[in-house]
Amino acid sequence: MSTEILLGVAKGIPLTLAVTVAAFVFGAALGLPLCMMRLSRFALLRFVALGYVILFRSVPPLLLVFVFYFGLGSGYLPMSAFQGVVLGLGLITAANMSEIYRGSLSAIHEGQWEASTALALPIRSTYLDIIAPQLLRVSLPSTAGYAVGLLKESAIASTIGVTDITFNAGYIARMTYQGLPVFAIAALFYIMISLPIAALARVADKKLRARVAL
Amino acid sequence: MNGLLDFWIDSLPQLLDGLVISLQVTGAALGIGIPLGLFLALGVQSKNRPFNLISLFIVEIGRGAPALVVLQFAYFGLPSAGLTLTSFAAAVFALAWNTGAYTSEIIRAGLESVPFGEIEASSAMGMVRTDTLRFVIIPQGLRVAAPALLGFATQMLQASSLCFAIALPELTSNAYMIGTTSFRYMEILSLAGILYAAICVPATIAVGVLEQRLGKHAQ
């Protein structure tokens with residue numbers, strides 16, 4: 001009986017991971033231009049980016065996913081539940097990642113920019129070869145922390161019918177009337193997935209930190 | 001767009017009823033959770049083994065498990081152990097646990113920011129450990145933690161939307177219900193979003209101002 005519960009809940013692991021990874025990749029990529037807009041010379045771009053960040057951090061993720069899946073999805077732009085949750089969580093991730101990038105940029109030494117100018121490196125090369133690699137290393141701990149948070153946030157996919165860990169747990173709990181062990185197992189799965197991410201990030205941070213110029 | 005304003009005005013009372021419940025859940029969760037967080041912060045640092053282990057357990061589960069899972073654990077799970085909670089009580093239980101776990105980390109950082117000289121001075125003046133905590137460490141530590149705690153409070157209001165899953169008639173649930181009967185999901189969910197933002201945006205700005213002011217004092 002308990003192995004059945006265990007296997008049933010475990011069936012949701014691939015979709016939980018898929019939602020998390022897809023939303024993270026989407027958000028981490030979109031966060032870069034957003035961060036550059038925040039630091040732009042043009043006040044309008046700065047204002048738009050700031051508005052985006054404040055707005056997407058002020059609306060509950062669940063409601064935002066509903067706005068896309070039920071709101072946009074009903075007639076305007078039909079989408080699957082998976083697409084809806086990735087879009088909603090991805091846009092929130094972009095807002096948060098842009099702030100993480102911005103914080104990390106301030107940790108990169110001024111001299112790196114000055115040296116690039118002194119060496120007459122083109123702007124493109126300064127960003128891609130000098131700043132970006134260091135930015136990745138500096139932002140790694142906060143990024144990993146955010147990814148773990150996103151993994152837990154991904155549970156809201158279950159409310160619109162994506163068959164992830166939480167959805168399967170709810171289904172089995174209703175079938176067996178054994179909510180206590182079922183949801184405890186679901187919680188355990190989330191913790192077990194997040195532990196290796198945190199451990200990996202710690203090890204990677206130690207190794208990469210040595211390669212950031214001070 | 002025709003009739004959008006009329007639709008909004010018609011459904012606003014029901015959304016505001018939901019918002020009141022959202023705020024009540026959030027308030028209760030913070031009211032129980034923040035003192036719990038202070039307690040847990042002391043427990044995690046405590047040398048008393050059982051107190052320390054229990055605190056660590058509560059904090060690690062509360063931070064490691066999704067709030068949505070803890071919520072359903074409380075509402076659908078506890079009845080099979082003979083403890084049936086109303087959806088409101090289950091929501092407060094789960095969100096207070098979540099609050100306690102997260103704020104314990106915020107408060108711990110605040111308590112640790114109190115300079116060691118203050119503690120030395122207290123013992124030099126013959127204060128016992130509990131008095132040092134109560135009159136020296138906690139008042140200063142909480143002041144440092146205040147902006148982060150306020151920021152967390154806005155996150156808790158957003159987390160209260162998860163109570164949709166346990167059929168608590170809060171703001172998100174009510175908006176969804178109106179959507180299912182009117183099929184005007186986009187309009188009603190946007191209005192709910194505006195209501196959340198109307199509270200969270202000023203609060204976020206206030207956190208920024210508070211942090212800046214506190215930063216000045218630190219220097």
# chains A, B, ... in the order shown; residues from 1 in each chain; ligands from 1

call {"tool": "closest_atom_pairs", "arguments": {"of": "chain B", "to": "chain A", "cutoff": "6 Å", "atoms": "only C-alpha atoms", "output": "tab-separated table"}}
result
residue	atom	partner	partner_atom	distance
B:Gly64	CA	A:Ile191	CA	5.1
B:Ala65	CA	A:Ala187	CA	4.9
B:Pro66	CA	A:Lys152	CA	4.6
B:Phe73	CA	A:Phe183	CA	5.3
B:Phe76	CA	A:Gly179	CA	5.4
B:Gly77	CA	A:Gly179	CA	3.7
B:Leu78	CA	A:Leu180	CA	5.9
B:Gln158	CA	A:Pro60	CA	4.5
B:Tyr185	CA	A:Gly71	CA	4.7
B:Met186	CA	A:Gly71	CA	3.8
B:Leu189	CA	A:Val67	CA	5.8
B:Gly193	CA	A:Val59	CA	5.8
B:Tyr196	CA	A:Val59	CA	6.0
B:Ala197	CA	A:Ser58	CA	5.2
B:Cys200	CA	A:Ser58	CA	5.2
B:Val201	CA	A:Ser58	CA	5.9

call {"tool": "atom_distance", "arguments": {"atom1": "atom CA of A:Ile123", "atom2": "atom CA of A:Phe42"}}
result
17.7 Å

call {"tool": "closest_residue", "arguments": {"among": "B:Val128, B:Ala121, B:Leu30, B:Leu133", "to": "B:Trp97", "atoms": "only C-alpha atoms"}}
result
B:Leu30

call {"tool": "residues_around", "arguments": {"residues": "stretch 104-117 of chain A", "least_positions_apart": "6", "cutoff": "10 Å", "atoms": "only C-alpha atoms", "output": "list of chain:residue names"}}
result
A:Cys35, A:Ser98, A:Ile123, A:Ser125, A:Thr126, A:Tyr127, A:Asp129, A:Ile130, A:Ile131, A:Ala132, A:Gln134, A:Leu135, A:Leu136, A:Arg137, A:Val138, A:Ser139, A:Leu140, A:Ser142, A:Val212, A:Ala213, A:Leu214

call {"tool": "write_last_selection", "arguments": {"atoms": "C-alpha atoms", "output": "PDB file, in the first residue's frame"}}
result
ATOM      1  CA  CYS A  35      18.622  44.109 -16.067  1.00  0.00           C
ATOM      2  CA  SER A  98      17.076  40.824 -13.181  1.00  0.00           C
ATOM      3  CA  ILE A 123      31.622  46.902 -25.947  1.00  0.00           C
ATOM      4  CA  SER A 125      33.650  41.832 -26.044  1.00  0.00           C
ATOM      5  CA  THR A 126      33.684  43.677 -22.722  1.00  0.00           C
ATOM      6  CA  TYR A 127      30.259  42.306 -21.891  1.00  0.00           C
ATOM      7  CA  ASP A 129      34.266  37.995 -22.425  1.00  0.00           C
ATOM      8  CA  ILE A 130      34.960  40.045 -19.308  1.00  0.00           C
ATOM      9  CA  ILE A 131      31.769  40.827 -17.417  1.00  0.00           C
ATOM     10  CA  ALA A 132      29.378  37.964 -18.239  1.00  0.00           C
ATOM     11  CA  GLN A 134      32.265  36.870 -13.718  1.00  0.00           C
ATOM     12  CA  LEU A 135      28.623  37.840 -13.406  1.00  0.00           C
ATOM     13  CA  LEU A 136      27.613  34.168 -13.671  1.00  0.00           C
ATOM     14  CA  ARG A 137      30.043  33.187 -10.930  1.00  0.00           C
ATOM     15  CA  VAL A 138      29.074  35.979  -8.535  1.00  0.00           C
ATOM     16  CA  SER A 139      25.332  35.453  -8.974  1.00  0.00           C
ATOM     17  CA  LEU A 140      25.486  31.670  -8.569  1.00  0.00           C
ATOM     18  CA  SER A 142      21.516  33.699  -5.119  1.00  0.00           C
ATOM     19  CA  VAL A 212      36.542  36.281  -9.896  1.00  0.00           C
ATOM     20  CA  ALA A 213      38.963  39.206 -10.054  1.00  0.00           C
ATOM     21  CA  LEU A 214      38.956  41.449  -7.014  1.00  0.00           C
TER      22      LEU A 214
END
